[in-house]
Amino acid sequence: MNKIFSMRKISRVVAPLLVFTVLLIPVISFAVDTPCDPSKELCNPIKFGSIQDFFQAVLQIAAEVGSVIIILAFIYSGFLFVSARGNQEELSKAKKSITYTVIGAIIVLGAWAFSVAITNTVNTITNKPASATPANKP
């Protein structure tokens with residue numbers, strides 16, 4: 001147990017790096033190289049045309065990352081069911097896990113659907129073309 005590279009020590013280092021990487025990759029991929037001369041004009045540092053596009057991109061990233069976590073949680077819950085082998089305590093733990101996974105999935109995907117509905121409603125009211133993702137901009 002006194003190993004230099006114990007699993008607990010490795011997970012304390014790898015988990016934050018993994019989260020940082022997952023959150024950093026979409027930011028890098030959304031970066032757009034637009035010509036801007038700061039001495040002549042005020043440059044847009046977030047590379048989105050409006051705050052609405054920015055929030056929509058953030059929600060899209062959250063939904064994509066949340067979807068991956070939901071899939072992993074369903075796999076973990078299924079593993080708990082299989083490994084329970086009829087033990088009532090383990091089965092109740094697996095049932096709680098699947099229940100919380102479904103609730104989390106409803107919250108994450110519901111938030112995404114709600115934001116798309118509100119965005120489309122606002123765009124319809126203001127007569128702007130509706131877009132479900134920032135990539136669909138005209």
# chains A, B, ... in the order shown; residues from 1 in each chain; ligands from 1
>>> residues_around(residues="Ser115 in chain A", least_positions_apart="2", cutoff="10 Å", atoms="only C-alpha atoms", output="number ranges by chain")
A: 55-56, 59-60, 109-113, 117-121, 132
>>> atom_distance(atom1="CA of Ile98 in chain A", atom2="CA of Gly66 in chain A")
15.5 Å
>>> residues_around(residues="Tyr100 in chain A", least_positions_apart="3", cutoff="12 Å", atoms="only C-alpha atoms", output="PyMOL selection string")
chain A and resi 70+73-74+76-77+93-97+103-107
>>> write_last_selection(atoms="C-alpha atoms", output="PDB file, in the first residue's frame")
ATOM      1  CA  ILE A  70     -24.404  10.349 -18.621  1.00  0.00           C
ATOM      2  CA  ALA A  73     -22.942   6.740 -15.529  1.00  0.00           C
ATOM      3  CA  PHE A  74     -25.366   4.373 -17.303  1.00  0.00           C
ATOM      4  CA  TYR A  76     -21.456   2.171 -14.278  1.00  0.00           C
ATOM      5  CA  SER A  77     -25.058   1.623 -13.129  1.00  0.00           C
ATOM      6  CA  LYS A  93     -27.433   0.869  -4.471  1.00  0.00           C
ATOM      7  CA  ALA A  94     -27.651   0.073  -8.209  1.00  0.00           C
ATOM      8  CA  LYS A  95     -31.290   1.238  -8.359  1.00  0.00           C
ATOM      9  CA  LYS A  96     -30.363   4.530  -6.685  1.00  0.00           C
ATOM     10  CA  SER A  97     -27.497   4.944  -9.122  1.00  0.00           C
ATOM     11  CA  ILE A 103     -32.560  12.464 -13.190  1.00  0.00           C
ATOM     12  CA  GLY A 104     -29.204  13.929 -14.239  1.00  0.00           C
ATOM     13  CA  ALA A 105     -29.869  13.065 -17.878  1.00  0.00           C
ATOM     14  CA  ILE A 106     -33.255  14.778 -17.727  1.00  0.00           C
ATOM     15  CA  ILE A 107     -31.700  17.891 -16.179  1.00  0.00           C
TER      16      ILE A 107
END
>>> closest_residue(among="A:Asp53, A:Glu90, A:Glu41, A:Glu64", to="Gly78 in chain A", atoms="only C-alpha atoms")
A:Glu90
>>> atom_distance(atom1="CA of Val65 in chain A", atom2="CA of Val122 in chain A")
25.8 Å
>>> atom_distance(atom1="CA of Val116 in chain A", atom2="CA of Val58 in chain A")
12.3 Å
